[in-house]
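K.L.:
After the structure tokens below, expect a handful of questions from me.
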Amino acid sequence: MTRRIRQKFFLFSAAALALCFVWGYRDLPPFGQVTSIYADKVNAITVPQRHITDAVTAVNFDIRGFDTLGEEFILFTSVMGVVLLMRRTKDEPAGDHEDKVQGRNVPPVSDAVRVTTLLLIAPTILFGWYIVAHGQVTPGGGFQGGVILSSAALLLYLCGTYPKFRGAAAPRLIEIAEAVGAAGYIIVGGACVALGGMFLENLLPLGKTGTLTSGGTVPFINLAVGLEVSAGFVLILLVYLEELMEEKES
Amino acid sequence: MIALQAFILLFVAAAGTAVVFTRDPTSQAIVVSFYGLLLGIMFFVFQAPDVALSQIVVGAIALPLMIMLALARVRKQSRKHQR
């Protein structure tokens, strides 16, 4: 493709995009005055019918809980894909997990970084579980809290060495945690069927609005998702770091 | 409130442009992390705290981390081929 053709192609596409933009923007409601019918309906039912004060969580994990199950498995499948692609094959010997890349001088981790990250780990884990557990009360939930939890594992790597991180992270345990988290969502849905309802129908006692136990099945689903997401991210971190540390001097 | 919204929109536009004009992938990962944080603040200012939280954890933590890890992996691979 010559430069001229490329330019023509760009101009044509840009003009088409601009046209679509103008067309799309013409029917948008005025700035700052949006109240859709759907939003009003959701706001009206989440507290009386579900005892959930965070409408987004009510929609994600209850009203359209089945969609979110699919979303969770998108992440699960992606993690599986990464692990599968990065797995060690038979002709690749196991490394000793030392960074041996030639021509790269990794400066030793300074004491300031070590102390700061070490101090941050516990609050990060606490905050992560807080976000997971309060999904039905305040903004947040399993997905957001899960990533925060996995960032605690990253801090662990930053304040120590890779072998120590690997020892503390226990890959086997992480794999089990991910599987349990992914299965947990389905188990909660299946339990609803066992109780005589539909899949993911919120049949558990709804509890007092604004408390940790409110929302029926929603906190359980959030716990499962939190476990799945955090374990998934830690697993990705583990397999990538494993690959990078295994540089062999051939 | 409107002033704050206009302010953050301008910031997001500037940061988005900065991401495009950063050509080195490693620095781009850092800039995109900053851009993700700004997007998170923007969602918060526009009263979508749930989306803001997701944006911050994914855009400012997970995405740059994945880019960095993938870059390191690719560089390792190309070093192997050079030898």
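Chain labels run A, B, ... following the order of the structure tokens; each chain numbers its residues from 1, and ligands are numbered from 1 in the order shown.
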Taking 2 positions as the minimum chain separation for residues in the same chain, which residues sit within 8 Å of range 127-137 of chain A when counting only C-alpha atoms? Answer as a ChimeraX atom specification.
P.N.:
/A:52-54,57-58,123-125,139-149,210-212,214-215,218-219,222-223,226
K.L.:
Would you put the residues from that selection into a file with N, CA and C atoms, as a CSV table (one decimal), in the first residue's frame?
P.N.:
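As written to disk, result_17.csv reads:
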```csv
chain,number,residue,atom,x,y,z
A,52,ILE,N,-30.7,-3.8,48.6
A,52,ILE,CA,-29.3,-3.4,48.2
A,52,ILE,C,-29.3,-2.0,47.9
A,53,THR,N,-28.3,-1.3,48.5
A,53,THR,CA,-28.3,0.2,48.3
A,53,THR,C,-27.4,0.6,47.1
A,54,ASP,N,-26.6,-0.3,46.6
A,54,ASP,CA,-25.8,0.0,45.4
A,54,ASP,C,-26.5,-0.6,44.2
A,57,THR,N,-24.6,-2.9,41.7
A,57,THR,CA,-24.4,-4.2,42.1
A,57,THR,C,-25.7,-5.0,42.0
A,58,ALA,N,-26.8,-4.4,42.4
A,58,ALA,CA,-28.1,-5.1,42.2
A,58,ALA,C,-28.3,-5.5,40.8
A,123,PRO,N,-2.7,-3.5,54.8
A,123,PRO,CA,-3.9,-2.6,54.5
A,123,PRO,C,-4.5,-2.9,53.1
A,124,THR,N,-3.7,-3.3,52.1
A,124,THR,CA,-4.2,-3.5,50.8
A,124,THR,C,-5.1,-4.7,50.8
A,125,ILE,N,-4.7,-5.8,51.5
A,125,ILE,CA,-5.6,-7.0,51.6
A,125,ILE,C,-6.9,-6.7,52.3
A,139,PRO,N,-20.3,1.4,46.4
A,139,PRO,CA,-19.7,1.0,45.1
A,139,PRO,C,-18.5,0.0,45.3
A,140,GLY,N,-18.4,-0.9,44.4
A,140,GLY,CA,-17.4,-1.9,44.5
A,140,GLY,C,-18.0,-3.3,44.3
A,141,GLY,N,-17.3,-4.3,44.7
A,141,GLY,CA,-17.7,-5.6,44.6
A,141,GLY,C,-16.6,-6.6,44.2
A,142,GLY,N,-17.0,-7.8,43.8
A,142,GLY,CA,-16.0,-8.8,43.6
A,142,GLY,C,-14.9,-8.5,42.6
A,143,PHE,N,-15.3,-7.9,41.4
A,143,PHE,CA,-14.3,-7.6,40.4
A,143,PHE,C,-13.3,-6.6,40.8
A,144,GLN,N,-13.8,-5.4,41.4
A,144,GLN,CA,-12.9,-4.4,41.8
A,144,GLN,C,-12.0,-4.8,43.0
A,145,GLY,N,-12.7,-5.4,44.0
A,145,GLY,CA,-11.9,-5.9,45.2
A,145,GLY,C,-10.9,-7.0,44.8
A,146,GLY,N,-11.3,-7.8,43.9
A,146,GLY,CA,-10.4,-8.9,43.5
A,146,GLY,C,-9.1,-8.4,42.9
A,147,VAL,N,-9.2,-7.3,42.0
A,147,VAL,CA,-8.0,-6.8,41.5
A,147,VAL,C,-7.1,-6.1,42.6
A,148,ILE,N,-7.8,-5.4,43.5
A,148,ILE,CA,-7.1,-4.8,44.6
A,148,ILE,C,-6.3,-5.9,45.4
A,149,LEU,N,-7.0,-7.0,45.7
A,149,LEU,CA,-6.4,-8.1,46.4
A,149,LEU,C,-5.1,-8.6,45.7
A,210,GLY,N,-28.4,-2.1,54.0
A,210,GLY,CA,-27.3,-1.4,54.5
A,210,GLY,C,-26.3,-2.1,55.4
A,211,THR,N,-26.5,-3.4,55.5
A,211,THR,CA,-25.6,-4.2,56.3
A,211,THR,C,-24.8,-5.2,55.5
A,212,LEU,N,-23.8,-5.8,56.0
A,212,LEU,CA,-23.0,-6.7,55.3
A,212,LEU,C,-23.8,-8.0,54.8
A,214,SER,N,-26.9,-8.0,53.9
A,214,SER,CA,-28.1,-7.7,53.1
A,214,SER,C,-27.9,-8.2,51.7
A,215,GLY,N,-29.0,-8.4,51.0
A,215,GLY,CA,-28.9,-8.7,49.5
A,215,GLY,C,-29.0,-10.2,49.2
A,218,VAL,N,-26.4,-12.0,46.8
A,218,VAL,CA,-25.4,-11.1,46.2
A,218,VAL,C,-24.0,-11.1,46.9
A,219,PRO,N,-24.0,-11.0,48.3
A,219,PRO,CA,-22.7,-11.1,48.9
A,219,PRO,C,-21.9,-12.4,48.7
A,222,ASN,N,-20.5,-12.2,45.3
A,222,ASN,CA,-19.3,-11.3,45.3
A,222,ASN,C,-18.1,-11.9,45.9
A,223,LEU,N,-18.3,-12.7,46.9
A,223,LEU,CA,-17.1,-13.4,47.5
A,223,LEU,C,-16.5,-14.3,46.5
A,226,GLY,N,-14.8,-12.3,43.9
A,226,GLY,CA,-13.5,-11.7,44.4
A,226,GLY,C,-12.4,-12.8,44.5
```
K.L.:
Need to verify the contact set: Leu39 in chain B, 10 Å, only C-alpha atoms, exclusion of same-chain residues closer than 3 positions in sequence. Can you return it as an MDAnalysis selection string?
P.N.:
chainID B and resid 8:9 11:13 15:16 33:36 42:45 51:52 55:56 59:60
K.L.:
Save the residues we just selected, N, CA and C atoms, as a PDB file, in the first residue's frame?
P.N.:
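Output contents, as saved in part_21.pdb:
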```pdb
ATOM      1  N   ILE B   8     -11.865  18.217  34.056  1.00  0.00           N
ATOM      2  CA  ILE B   8     -11.387  16.841  33.973  1.00  0.00           C
ATOM      3  C   ILE B   8     -11.473  16.327  32.540  1.00  0.00           C
ATOM      4  N   LEU B   9     -12.486  16.780  31.789  1.00  0.00           N
ATOM      5  CA  LEU B   9     -12.594  16.374  30.378  1.00  0.00           C
ATOM      6  C   LEU B   9     -11.376  16.849  29.598  1.00  0.00           C
ATOM      7  N   PHE B  11      -8.436  17.491  30.825  1.00  0.00           N
ATOM      8  CA  PHE B  11      -7.300  16.703  31.283  1.00  0.00           C
ATOM      9  C   PHE B  11      -7.251  15.351  30.582  1.00  0.00           C
ATOM     10  N   VAL B  12      -8.442  14.699  30.479  1.00  0.00           N
ATOM     11  CA  VAL B  12      -8.506  13.385  29.841  1.00  0.00           C
ATOM     12  C   VAL B  12      -8.102  13.491  28.377  1.00  0.00           C
ATOM     13  N   ALA B  13      -8.584  14.558  27.703  1.00  0.00           N
ATOM     14  CA  ALA B  13      -8.232  14.742  26.301  1.00  0.00           C
ATOM     15  C   ALA B  13      -6.724  14.921  26.146  1.00  0.00           C
ATOM     16  N   ALA B  15      -4.377  13.911  28.258  1.00  0.00           N
ATOM     17  CA  ALA B  15      -3.660  12.674  28.592  1.00  0.00           C
ATOM     18  C   ALA B  15      -3.799  11.645  27.478  1.00  0.00           C
ATOM     19  N   GLY B  16      -4.978  11.579  26.854  1.00  0.00           N
ATOM     20  CA  GLY B  16      -5.172  10.653  25.732  1.00  0.00           C
ATOM     21  C   GLY B  16      -4.218  10.960  24.599  1.00  0.00           C
ATOM     22  N   SER B  33      -1.210   4.213  32.267  1.00  0.00           N
ATOM     23  CA  SER B  33      -1.645   4.019  33.649  1.00  0.00           C
ATOM     24  C   SER B  33      -2.161   5.338  34.231  1.00  0.00           C
ATOM     25  N   PHE B  34      -1.415   6.410  33.971  1.00  0.00           N
ATOM     26  CA  PHE B  34      -1.826   7.740  34.429  1.00  0.00           C
ATOM     27  C   PHE B  34      -3.144   8.148  33.773  1.00  0.00           C
ATOM     28  N   TYR B  35      -3.254   7.841  32.479  1.00  0.00           N
ATOM     29  CA  TYR B  35      -4.486   8.135  31.732  1.00  0.00           C
ATOM     30  C   TYR B  35      -5.666   7.361  32.321  1.00  0.00           C
ATOM     31  N   GLY B  36      -5.427   6.096  32.711  1.00  0.00           N
ATOM     32  CA  GLY B  36      -6.478   5.283  33.318  1.00  0.00           C
ATOM     33  C   GLY B  36      -6.950   5.871  34.638  1.00  0.00           C
ATOM     34  N   MET B  42     -12.541  10.981  36.179  1.00  0.00           N
ATOM     35  CA  MET B  42     -13.607  11.546  35.341  1.00  0.00           C
ATOM     36  C   MET B  42     -14.938  10.842  35.615  1.00  0.00           C
ATOM     37  N   PHE B  43     -14.895   9.506  35.670  1.00  0.00           N
ATOM     38  CA  PHE B  43     -16.133   8.765  35.942  1.00  0.00           C
ATOM     39  C   PHE B  43     -16.700   9.149  37.303  1.00  0.00           C
ATOM     40  N   PHE B  44     -15.789   9.367  38.274  1.00  0.00           N
ATOM     41  CA  PHE B  44     -16.230   9.749  39.607  1.00  0.00           C
ATOM     42  C   PHE B  44     -16.900  11.116  39.590  1.00  0.00           C
ATOM     43  N   VAL B  45     -16.267  12.060  38.865  1.00  0.00           N
ATOM     44  CA  VAL B  45     -16.830  13.414  38.774  1.00  0.00           C
ATOM     45  C   VAL B  45     -18.199  13.380  38.087  1.00  0.00           C
ATOM     46  N   VAL B  51     -18.188   2.479  38.252  1.00  0.00           N
ATOM     47  CA  VAL B  51     -17.358   2.409  37.046  1.00  0.00           C
ATOM     48  C   VAL B  51     -15.984   2.995  37.328  1.00  0.00           C
ATOM     49  N   ALA B  52     -15.947   4.048  38.166  1.00  0.00           N
ATOM     50  CA  ALA B  52     -14.672   4.680  38.490  1.00  0.00           C
ATOM     51  C   ALA B  52     -13.741   3.674  39.164  1.00  0.00           C
ATOM     52  N   GLN B  55     -12.526   1.220  36.660  1.00  0.00           N
ATOM     53  CA  GLN B  55     -11.580   1.874  35.762  1.00  0.00           C
ATOM     54  C   GLN B  55     -10.216   2.009  36.428  1.00  0.00           C
ATOM     55  N   ILE B  56     -10.210   2.399  37.718  1.00  0.00           N
ATOM     56  CA  ILE B  56      -8.937   2.590  38.406  1.00  0.00           C
ATOM     57  C   ILE B  56      -8.205   1.252  38.541  1.00  0.00           C
ATOM     58  N   GLY B  59      -7.677   0.001  34.620  1.00  0.00           N
ATOM     59  CA  GLY B  59      -6.918   0.912  33.772  1.00  0.00           C
ATOM     60  C   GLY B  59      -5.604   1.353  34.367  1.00  0.00           C
ATOM     61  N   ALA B  60      -5.557   1.484  35.695  1.00  0.00           N
ATOM     62  CA  ALA B  60      -4.342   2.014  36.314  1.00  0.00           C
ATOM     63  C   ALA B  60      -3.460   0.921  36.891  1.00  0.00           C
TER      64      ALA B  60
END
```
K.L.:
With distances taken over only C-alpha atoms, which residue among B:Ala48, B:Leu4, B:Ala29, B:Ile41 lies nearest Ala72 in chain B?
P.N.:
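Closest to Ala72 in chain B of all the choices is B:Ala29.
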K.L.:
May I ask which of the residues A:Tyr240, A:Tyr162, A:Phe76, A:Tyr25 is the closest one to chain B, counting only C-alpha atoms?
P.N.:
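Smallest separation from chain B among the options: A:Tyr240.
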K.L.:
Got a sec to pull out which chain B residues are within 10 Å of chain A, counting only C-alpha atoms, and send them as an NGL selection string?
P.N.:
:B and (2 or 46 or 48-58 or 61-62 or 65-66 or 69-70 or 72-77 or 79-80 or 83)
K.L.:
Please, could you write that set of residues out with C-alpha atoms as an mmCIF file, in the first residue's frame?
P.N.:
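This is the output file selection25.cif:
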```cif
data_model
loop_
_atom_site.group_PDB
_atom_site.id
_atom_site.type_symbol
_atom_site.label_atom_id
_atom_site.label_comp_id
_atom_site.auth_asym_id
_atom_site.auth_seq_id
_atom_site.Cartn_x
_atom_site.Cartn_y
_atom_site.Cartn_z
ATOM 1 C CA ILE B 2 -19.810 21.884 35.543
ATOM 2 C CA PHE B 46 -19.658 12.307 36.472
ATOM 3 C CA ALA B 48 -20.429 6.853 38.419
ATOM 4 C CA PRO B 49 -18.358 5.642 41.393
ATOM 5 C CA ASP B 50 -18.778 1.953 40.511
ATOM 6 C CA VAL B 51 -17.358 2.409 37.046
ATOM 7 C CA ALA B 52 -14.672 4.680 38.490
ATOM 8 C CA LEU B 53 -13.480 1.903 40.803
ATOM 9 C CA SER B 54 -13.377 -0.625 37.972
ATOM 10 C CA GLN B 55 -11.580 1.874 35.762
ATOM 11 C CA ILE B 56 -8.937 2.590 38.406
ATOM 12 C CA VAL B 57 -8.220 -1.068 39.186
ATOM 13 C CA VAL B 58 -8.231 -2.179 35.562
ATOM 14 C CA ILE B 61 -3.200 -1.336 37.730
ATOM 15 C CA ALA B 62 -4.101 -4.388 35.649
ATOM 16 C CA LEU B 65 0.942 -4.493 34.455
ATOM 17 C CA MET B 66 -0.130 -6.815 31.620
ATOM 18 C CA LEU B 69 4.767 -8.288 31.520
ATOM 19 C CA ALA B 70 4.025 -8.898 27.844
ATOM 20 C CA ALA B 72 9.291 -8.213 29.038
ATOM 21 C CA ARG B 73 8.241 -11.562 27.560
ATOM 22 C CA VAL B 74 8.587 -10.330 23.980
ATOM 23 C CA ARG B 75 12.007 -8.806 24.677
ATOM 24 C CA LYS B 76 13.207 -12.031 26.221
ATOM 25 C CA GLN B 77 12.059 -13.907 23.127
ATOM 26 C CA ARG B 79 17.050 -11.796 22.803
ATOM 27 C CA LYS B 80 16.875 -15.571 22.522
ATOM 28 C CA ARG B 83 21.905 -15.486 20.169
#
```
K.L.:
So which residues of range 99-250 of chain A fall under helix (DSSP H, G or I) by DSSP, listed as a ChimeraX atom specification?
P.N.:
/A:111-133,142-159,162-169,171-194,218-245
K.L.:
Please list as a list in words every residue within 9 Å of range 62-69 of chain A, counting only C-alpha atoms and excluding residues in the same chain fewer than 4 positions away.
P.N.:
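Close residues of range 62-69 of chain A: Arg50, Thr57, Ala58, Phe73, Ile74, Ala182, Tyr185, Ile186, Gly189, Phe199, Leu200, Glu201, Asn202, Gly215, Thr217 and Val218 of chain A.
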K.L.:
Any chance you could export the current selection's C-alpha atoms as a short mmCIF file (atom, residue, chain, number, x, y, z; two decimals), in the first residue's frame?
P.N.:
```
data_model
loop_
_atom_site.label_atom_id
_atom_site.label_comp_id
_atom_site.auth_asym_id
_atom_site.auth_seq_id
_atom_site.Cartn_x
_atom_site.Cartn_y
_atom_site.Cartn_z
CA ARG A 50 -33.54 -6.51 47.08
CA THR A 57 -24.38 -4.25 42.15
CA ALA A 58 -28.09 -5.09 42.25
CA PHE A 73 -15.97 -16.78 32.70
CA ILE A 74 -14.50 -14.45 30.08
CA ALA A 182 -15.41 -19.69 39.40
CA TYR A 185 -20.95 -18.49 41.21
CA ILE A 186 -22.53 -21.53 39.58
CA GLY A 189 -27.06 -20.24 41.13
CA PHE A 199 -31.12 -20.19 38.32
CA LEU A 200 -29.68 -17.26 40.34
CA GLU A 201 -33.12 -16.25 41.61
CA ASN A 202 -32.50 -14.39 44.88
CA GLY A 215 -28.88 -8.68 49.54
CA THR A 217 -27.28 -14.27 47.32
CA VAL A 218 -25.40 -11.12 46.22
#
```
K.L.:
To one decimal in Å, tell me the separation between CA of Phe31 in chain A and CA of Ala44 in chain A.
P.N.:
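Interatomic distance here is 23.4 Å.
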K.L.:
What gap, in Å, lies between CA of Gln82 in chain B and CA of Val109 in chain A?
P.N.:
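Distance reported for this atom pair: 29.3 Å.
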